[in-house]
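Chemist: Dropping in final_36.txt, with compact mmCIF, C-alpha atoms.
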# COMPACT_ATOMS: atom_id res chain seq x y z
CA GLU B 1 96.58 56.96 -27.86
CA GLY B 2 100.22 57.58 -28.14
CA TYR B 3 103.23 56.66 -30.16
CA GLY B 4 106.40 56.87 -28.10
CA SER B 5 110.00 55.90 -28.52
CA ASP B 6 109.38 52.60 -26.72
CA GLY B 7 106.04 51.59 -28.28
CA PHE B 8 102.34 52.29 -28.72
CA ARG B 9 99.91 52.81 -25.85
CA ILE B 10 96.29 53.65 -25.16
CA ASN B 11 95.69 55.45 -21.87
CA ALA B 12 92.59 56.45 -19.94
CA PHE B 13 92.83 59.74 -18.08
CA ASN B 14 90.30 61.19 -15.64
CA ASN B 15 90.52 64.96 -16.00
CA GLY B 16 87.40 65.52 -13.88
CA THR B 17 87.19 66.68 -10.29
CA GLY B 18 85.95 63.39 -8.80
CA PRO B 19 86.34 59.67 -9.28
CA ALA B 20 85.06 58.05 -12.47
CA VAL B 21 83.38 54.68 -12.05
CA ILE B 22 83.87 52.68 -15.26
CA SER B 23 80.76 50.57 -15.75
CA SER B 24 80.74 49.50 -19.41
CA VAL B 25 83.47 49.04 -22.03
CA LEU B 26 82.95 48.16 -25.69
CA VAL B 27 85.89 47.40 -27.98
CA GLU B 28 85.21 46.80 -31.66
CA PHE B 29 87.45 45.83 -34.54
CA LYS B 30 85.95 46.33 -37.99
CA ASP B 31 82.56 47.00 -36.32
CA GLN B 32 82.60 43.63 -34.52
CA PRO B 33 82.75 43.56 -30.69
CA VAL B 34 85.67 41.70 -29.12
CA LEU B 35 85.77 40.16 -25.67
CA LYS B 36 89.44 40.60 -24.72
CA TYR B 37 92.81 41.90 -25.96
CA GLU B 38 93.89 38.46 -27.14
CA ASP B 39 90.82 38.32 -29.41
CA LEU B 40 91.60 41.81 -30.69
CA LEU B 41 95.21 40.97 -31.50
CA ASN B 42 94.15 37.71 -33.19
CA ALA B 43 91.60 39.61 -35.30
CA ILE B 44 94.26 42.12 -36.36
CA LYS B 45 96.82 39.43 -37.19
CA PRO B 46 95.92 35.75 -36.86
CA GLY B 47 98.95 33.77 -35.73
CA HIS B 48 100.74 36.77 -34.21
CA THR B 49 103.57 36.06 -31.78
CA LEU B 50 102.99 38.94 -29.34
CA GLY B 51 102.49 37.33 -25.94
CA TYR B 52 101.88 38.69 -22.46
CA ASP B 53 105.64 38.72 -22.00
CA LYS B 54 105.71 41.61 -24.50
CA ILE B 55 102.40 43.46 -24.14
CA ARG B 56 100.91 45.13 -21.09
CA VAL B 57 97.17 45.31 -20.53
CA ASN B 58 95.20 46.59 -17.56
CA GLU B 59 91.60 46.03 -16.56
CA LEU B 60 89.30 49.01 -16.92
CA ASN B 61 85.75 47.69 -16.66
CA ASN B 62 84.25 47.87 -13.15
CA THR B 63 87.11 49.99 -11.82
CA VAL B 64 87.39 53.47 -10.34
CA VAL B 65 89.78 56.01 -11.84
CA LYS B 66 90.60 58.78 -9.38
CA ALA B 67 90.56 62.44 -10.41
CA GLY B 68 93.83 63.23 -12.17
CA GLU B 69 94.76 59.56 -12.54
CA GLN B 70 96.01 58.10 -15.81
CA ARG B 71 95.69 54.39 -16.47
CA GLU B 72 97.50 52.52 -19.21
CA LEU B 73 95.05 50.21 -20.99
CA LEU B 74 97.32 48.72 -23.63
CA PHE B 75 101.01 48.91 -24.41
CA LEU B 76 102.75 47.28 -27.38
CA PRO B 77 106.53 47.62 -27.57
CA TRP B 78 107.98 48.38 -30.96
CA THR B 79 108.84 45.27 -32.92
CA GLU B 80 108.56 44.62 -36.64
CA GLU B 81 105.39 42.63 -35.95
CA SER B 82 103.75 45.25 -33.70
CA ARG B 83 104.45 47.98 -36.27
CA GLU B 84 102.73 45.89 -38.97
CA MET B 85 99.77 45.21 -36.67
CA LEU B 86 99.34 48.85 -35.71
CA GLU B 87 99.46 49.88 -39.34
CA SER B 88 96.77 47.35 -40.27
CA MET B 89 94.46 48.31 -37.35
CA ASN B 90 94.58 52.03 -38.09
CA GLY B 91 91.01 53.34 -38.30
CA LYS B 92 89.48 49.94 -37.59
CA ILE B 93 89.30 50.02 -33.78
CA ARG B 94 86.54 51.74 -31.81
CA ILE B 95 86.37 51.90 -28.01
CA LYS B 96 83.33 53.18 -26.14
CA ILE B 97 83.43 53.59 -22.36
CA GLN B 98 80.69 54.53 -19.91
CA TYR B 99 81.84 56.27 -16.76
CA CYS B 100 79.70 57.59 -13.93
CA SER B 101 80.17 59.97 -11.03
CA VAL B 102 79.45 58.98 -7.44
CA LEU B 103 76.11 60.79 -7.94
CA ASP B 104 75.29 58.34 -10.78
CA GLU B 105 75.59 60.91 -13.56
CA CYS B 106 76.90 58.99 -16.57
CA TRP B 107 78.80 59.88 -19.74
CA THR B 108 80.27 57.95 -22.62
CA PHE B 109 83.65 58.51 -24.19
CA GLU B 110 84.42 57.21 -27.66
CA TYR B 111 87.82 56.52 -29.19
CA PRO B 112 89.13 57.58 -31.70
CA SER B 113 86.64 60.46 -32.14
CA GLY B 114 87.18 61.77 -28.60
CA GLN B 115 83.44 62.44 -28.37
CA ARG B 116 81.98 62.73 -24.84
CA VAL B 117 78.23 62.57 -24.37
CA LYS B 118 76.14 62.67 -21.21
CA GLU B 119 74.17 59.43 -21.55
CA LYS B 120 73.85 55.91 -20.18
CA PHE B 121 75.40 53.17 -22.28
CA SER B 122 75.67 49.41 -22.01
CA ALA B 123 78.02 47.48 -24.30
CA THR B 124 76.59 44.75 -26.52
CA LEU B 125 79.59 42.63 -25.44
CA GLU B 126 81.42 43.74 -22.29
CA PHE B 127 85.15 43.88 -22.86
CA GLN B 128 87.06 41.84 -20.29
CA ASN B 129 90.78 42.02 -20.06
As structure tokens, please, write out the structure in this file.

Modeler:
Amino acid sequence: EGYGSDGFRINAFNNGTGPAVISSVLVEFKDQPVLKYEDLLNAIKPGHTLGYDKIRVNELNNTVVKAGEQRELLFLPWTEESREMLESMNGKIRIKIQYCSVLDECWTFEYPSGQRVKEKFSATLEFQN
């Protein structure tokens, strides 16, 4: 997660020594799973005007992130509306990602806690960009 001069972003970074195969992604808002970013933004602020001409999203589920690679998952440029939305979502979003090595050892990473656990995980509703 990061607040920059141009906007807000959530990045995934593989700081391991090998590729990370992303096999399950759960995104929740107020403890309810959401299917895609549009659903998330609508849950945060119904009737918002942020369209794909303003936000950037990238697919993560069923992808491979190389060692040392950083991938931007979500970017919202600063506007009055995006600032209001970010303020209202603070502490209400949870992301849980399962990633596995090529040897099929699996871990989960949870946002915002930053907790990493060696375990297998399957989302109740797979997040699809």

Chemist: Which one is closest to B:Val25: B:Ile44, B:Ile97, B:Ile10, B:Val117? Count all atoms listed in the file.

Modeler: B:Ile97

Chemist: Hey, what's within 10 Å of B:Pro19 if we count only C-alpha atoms and toss same-chain stuff fewer than 4 positions away? As a list in words, please?

Modeler: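 Listed by chain and then number, they are Asn14, Asn15, Val64, Val65, Lys66, Ala67, Gly68, Glu69, Tyr99, Cys100, Ser101 and Val102 of chain B.
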
Chemist: So, with only C-alpha atoms as the atoms that count, which of B:Ser122, B:Ser82, B:Ser88, B:Gln128 lies closest to B:Leu60?

Modeler: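 Comparing B:Ser122, B:Ser82, B:Ser88, B:Gln128 against B:Leu60, the winner is B:Gln128.
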
Chemist: Atom CA of B:Thr17 and atom CA of B:Thr108, how far apart in Å?

Modeler: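 Distance between the two atoms: 16.6 Å.
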
Chemist: Between atom CA of B:Glu72 and atom CA of B:Glu119, what is the spacing in Å?

Modeler: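 According to the coordinates, atom CA of B:Glu119 and atom CA of B:Glu72 are separated by 24.4 Å.
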
Chemist: One decimal, Å: what's the distance from atom CA of B:Phe8 over to atom CA of B:Pro77, could you say?

Modeler: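 Computing it gives 6.4 Å between the two atoms.
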
Chemist: Could you list, as a list in words, every residue within 8 Å of B:Ser24, counting all atoms listed in the file and ignoring same-chain residues fewer than 5 positions away?

Modeler: Asn61, Asn62, Ile97, Gln98, Tyr99, Phe121, Ser122, Ala123, Glu126 and Phe127 of chain B

Chemist: Could I get the residues of stretch 72-124 of chain B with an atom no further than 12 Å from an atom of stretch 32-35 of chain B, each paired with its nearest atom pair and that distance in Å to one decimal, using all atoms listed in the file, sorted by chain and residue number, as JSON lines?

Modeler:
{"residue": "B:Lys92", "atom": "CA", "partner": "B:Gln32", "partner_atom": "CA", "distance": 9.8}
{"residue": "B:Ile93", "atom": "CA", "partner": "B:Gln32", "partner_atom": "CA", "distance": 9.3}
{"residue": "B:Arg94", "atom": "CA", "partner": "B:Pro33", "partner_atom": "CA", "distance": 9.1}
{"residue": "B:Ile95", "atom": "CA", "partner": "B:Pro33", "partner_atom": "CA", "distance": 9.5}
{"residue": "B:Lys96", "atom": "CA", "partner": "B:Pro33", "partner_atom": "CA", "distance": 10.7}
{"residue": "B:Ala123", "atom": "CA", "partner": "B:Pro33", "partner_atom": "CA", "distance": 8.9}
{"residue": "B:Thr124", "atom": "CA", "partner": "B:Pro33", "partner_atom": "CA", "distance": 7.5}

Chemist: So, counting only C-alpha atoms, which residue among B:Leu26, B:Lys120, B:Asp39, B:Tyr3 is closest to B:Asp104?

Modeler: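 Looking only at the distances to B:Asp104, the closest residue turns out to be B:Lys120.
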
Chemist: Do a neighbour search on B:Gly51 at 12 Å with all atoms listed in the file, toss out local chain neighbours closer than 2 positions, and write the hits as a list in words.

Modeler: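 Residues meeting the cut-off are Tyr37, Glu38, Leu41, Asn42, Gly47, His48, Thr49, Asp53, Lys54, Ile55, Arg56, Val57, Phe75, Leu76, Pro77, Glu81 and Ser82 of chain B.
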
Chemist: Between B:Arg9, B:Cys106, B:Leu50, B:Asn58, single out the one closest to B:Glu84, counting all atoms listed in the file.

Modeler: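 Counting all atoms listed in the file, the residue closest to B:Glu84 is B:Leu50.
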
Chemist: Out of B:Met85, B:Ala43, B:Leu74, B:Ala12, which residue has the shortest atom-to-atom distance to B:Phe29 when counting only C-alpha atoms?

Modeler: B:Ala43

Chemist: Using only C-alpha atoms, which of the listed residues (B:Asn129, B:Gln70, B:Asn90, B:Ser113) sits closest to B:Lys30?

Modeler: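 Going through B:Asn129, B:Gln70, B:Asn90, B:Ser113 one by one, the smallest distance to B:Lys30 is for B:Asn90.
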
Chemist: Starting from 5 Å padding per side, set up an axis-aligned box that covers all listed atoms of stretch 78-95 of chain B and hand over centre and edge lengths in Å, one decimal, as AutoDock Vina command-line options.

Modeler:
--center_x 97.6 --center_y 48.0 --center_z -34.1 --size_x 32.5 --size_y 20.7 --size_z 22.3

Chemist: Restore all heavy atoms in stretch 43-54 of chain B and list the result as a PDB file, in the frame of the given file.

Modeler:
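Saved the output as selection-v7.pdb:
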ATOM      1  N   ALA B  43      92.385  39.086 -34.178  1.00  0.00           N
ATOM      2  CA  ALA B  43      91.600  39.610 -35.300  1.00  0.00           C
ATOM      3  C   ALA B  43      92.469  40.489 -36.193  1.00  0.00           C
ATOM      4  O   ALA B  43      92.328  40.455 -37.419  1.00  0.00           O
ATOM      5  CB  ALA B  43      90.402  40.410 -34.771  1.00  0.00           C
ATOM      6  N   ILE B  44      93.372  41.253 -35.585  1.00  0.00           N
ATOM      7  CA  ILE B  44      94.260  42.120 -36.360  1.00  0.00           C
ATOM      8  C   ILE B  44      95.245  41.281 -37.164  1.00  0.00           C
ATOM      9  O   ILE B  44      95.453  41.516 -38.350  1.00  0.00           O
ATOM     10  CB  ILE B  44      95.015  43.108 -35.445  1.00  0.00           C
ATOM     11  CG1 ILE B  44      94.027  44.066 -34.784  1.00  0.00           C
ATOM     12  CG2 ILE B  44      96.074  43.876 -36.224  1.00  0.00           C
ATOM     13  CD1 ILE B  44      94.631  44.873 -33.649  1.00  0.00           C
ATOM     14  N   LYS B  45      95.845  40.285 -36.501  1.00  0.00           N
ATOM     15  CA  LYS B  45      96.820  39.430 -37.190  1.00  0.00           C
ATOM     16  C   LYS B  45      96.743  38.011 -36.630  1.00  0.00           C
ATOM     17  O   LYS B  45      97.380  37.711 -35.622  1.00  0.00           O
ATOM     18  CB  LYS B  45      98.237  39.973 -37.035  1.00  0.00           C
ATOM     19  CG  LYS B  45      99.245  39.153 -37.829  1.00  0.00           C
ATOM     20  CD  LYS B  45     100.650  39.668 -37.699  1.00  0.00           C
ATOM     21  CE  LYS B  45     101.581  38.774 -38.509  1.00  0.00           C
ATOM     22  NZ  LYS B  45     102.966  39.042 -38.216  1.00  0.00           N
ATOM     23  N   PRO B  46      95.968  37.151 -37.297  1.00  0.00           N
ATOM     24  CA  PRO B  46      95.920  35.750 -36.860  1.00  0.00           C
ATOM     25  C   PRO B  46      97.327  35.151 -36.864  1.00  0.00           C
ATOM     26  O   PRO B  46      98.113  35.398 -37.769  1.00  0.00           O
ATOM     27  CB  PRO B  46      95.023  35.086 -37.906  1.00  0.00           C
ATOM     28  CG  PRO B  46      94.210  36.204 -38.487  1.00  0.00           C
ATOM     29  CD  PRO B  46      95.115  37.409 -38.457  1.00  0.00           C
ATOM     30  N   GLY B  47      97.638  34.401 -35.809  1.00  0.00           N
ATOM     31  CA  GLY B  47      98.950  33.770 -35.730  1.00  0.00           C
ATOM     32  C   GLY B  47     100.056  34.681 -35.237  1.00  0.00           C
ATOM     33  O   GLY B  47     101.228  34.322 -35.329  1.00  0.00           O
ATOM     34  N   HIS B  48      99.701  35.852 -34.711  1.00  0.00           N
ATOM     35  CA  HIS B  48     100.740  36.770 -34.210  1.00  0.00           C
ATOM     36  C   HIS B  48     101.533  36.103 -33.097  1.00  0.00           C
ATOM     37  O   HIS B  48     101.083  35.127 -32.495  1.00  0.00           O
ATOM     38  CB  HIS B  48     100.113  38.081 -33.720  1.00  0.00           C
ATOM     39  CG  HIS B  48      99.367  37.922 -32.432  1.00  0.00           C
ATOM     40  ND1 HIS B  48      99.977  38.015 -31.210  1.00  0.00           N
ATOM     41  CD2 HIS B  48      98.063  37.654 -32.190  1.00  0.00           C
ATOM     42  CE1 HIS B  48      99.085  37.812 -30.261  1.00  0.00           C
ATOM     43  NE2 HIS B  48      97.911  37.593 -30.820  1.00  0.00           N
ATOM     44  N   THR B  49     102.713  36.636 -32.825  1.00  0.00           N
ATOM     45  CA  THR B  49     103.570  36.060 -31.780  1.00  0.00           C
ATOM     46  C   THR B  49     103.721  36.986 -30.582  1.00  0.00           C
ATOM     47  O   THR B  49     104.569  36.744 -29.725  1.00  0.00           O
ATOM     48  CB  THR B  49     104.968  35.729 -32.343  1.00  0.00           C
ATOM     49  OG1 THR B  49     105.585  36.940 -32.810  1.00  0.00           O
ATOM     50  CG2 THR B  49     104.879  34.723 -33.470  1.00  0.00           C
ATOM     51  N   LEU B  50     102.902  38.042 -30.497  1.00  0.00           N
ATOM     52  CA  LEU B  50     102.990  38.940 -29.340  1.00  0.00           C
ATOM     53  C   LEU B  50     102.286  38.283 -28.159  1.00  0.00           C
ATOM     54  O   LEU B  50     101.081  38.079 -28.163  1.00  0.00           O
ATOM     55  CB  LEU B  50     102.312  40.277 -29.650  1.00  0.00           C
ATOM     56  CG  LEU B  50     102.975  41.138 -30.709  1.00  0.00           C
ATOM     57  CD1 LEU B  50     102.146  42.376 -30.980  1.00  0.00           C
ATOM     58  CD2 LEU B  50     104.374  41.529 -30.276  1.00  0.00           C
ATOM     59  N   GLY B  51     103.047  37.950 -27.138  1.00  0.00           N
ATOM     60  CA  GLY B  51     102.490  37.330 -25.940  1.00  0.00           C
ATOM     61  C   GLY B  51     102.475  38.302 -24.781  1.00  0.00           C
ATOM     62  O   GLY B  51     102.916  39.442 -24.890  1.00  0.00           O
ATOM     63  N   TYR B  52     101.945  37.833 -23.648  1.00  0.00           N
ATOM     64  CA  TYR B  52     101.880  38.690 -22.460  1.00  0.00           C
ATOM     65  C   TYR B  52     103.254  39.002 -21.891  1.00  0.00           C
ATOM     66  O   TYR B  52     103.375  39.840 -21.010  1.00  0.00           O
ATOM     67  CB  TYR B  52     100.969  38.069 -21.403  1.00  0.00           C
ATOM     68  CG  TYR B  52      99.514  38.283 -21.743  1.00  0.00           C
ATOM     69  CD1 TYR B  52      98.753  37.267 -22.285  1.00  0.00           C
ATOM     70  CD2 TYR B  52      98.917  39.521 -21.555  1.00  0.00           C
ATOM     71  CE1 TYR B  52      97.426  37.470 -22.618  1.00  0.00           C
ATOM     72  CE2 TYR B  52      97.593  39.735 -21.890  1.00  0.00           C
ATOM     73  CZ  TYR B  52      96.852  38.707 -22.417  1.00  0.00           C
ATOM     74  OH  TYR B  52      95.550  38.914 -22.758  1.00  0.00           O
ATOM     75  N   ASP B  53     104.287  38.349 -22.402  1.00  0.00           N
ATOM     76  CA  ASP B  53     105.640  38.720 -22.000  1.00  0.00           C
ATOM     77  C   ASP B  53     106.075  40.009 -22.695  1.00  0.00           C
ATOM     78  O   ASP B  53     107.014  40.664 -22.269  1.00  0.00           O
ATOM     79  CB  ASP B  53     106.628  37.601 -22.318  1.00  0.00           C
ATOM     80  CG  ASP B  53     106.656  37.246 -23.806  1.00  0.00           C
ATOM     81  OD1 ASP B  53     105.590  37.299 -24.451  1.00  0.00           O
ATOM     82  OD2 ASP B  53     107.743  36.919 -24.316  1.00  0.00           O
ATOM     83  N   LYS B  54     105.347  40.397 -23.754  1.00  0.00           N
ATOM     84  CA  LYS B  54     105.710  41.610 -24.500  1.00  0.00           C
ATOM     85  C   LYS B  54     104.693  42.739 -24.338  1.00  0.00           C
ATOM     86  O   LYS B  54     105.056  43.897 -24.348  1.00  0.00           O
ATOM     87  CB  LYS B  54     105.853  41.271 -25.984  1.00  0.00           C
ATOM     88  CG  LYS B  54     107.025  40.365 -26.294  1.00  0.00           C
ATOM     89  CD  LYS B  54     107.218  40.228 -27.785  1.00  0.00           C
ATOM     90  CE  LYS B  54     108.494  39.508 -28.122  1.00  0.00           C
ATOM     91  NZ  LYS B  54     108.514  38.121 -27.843  1.00  0.00           N
TER      92      LYS B  54
END
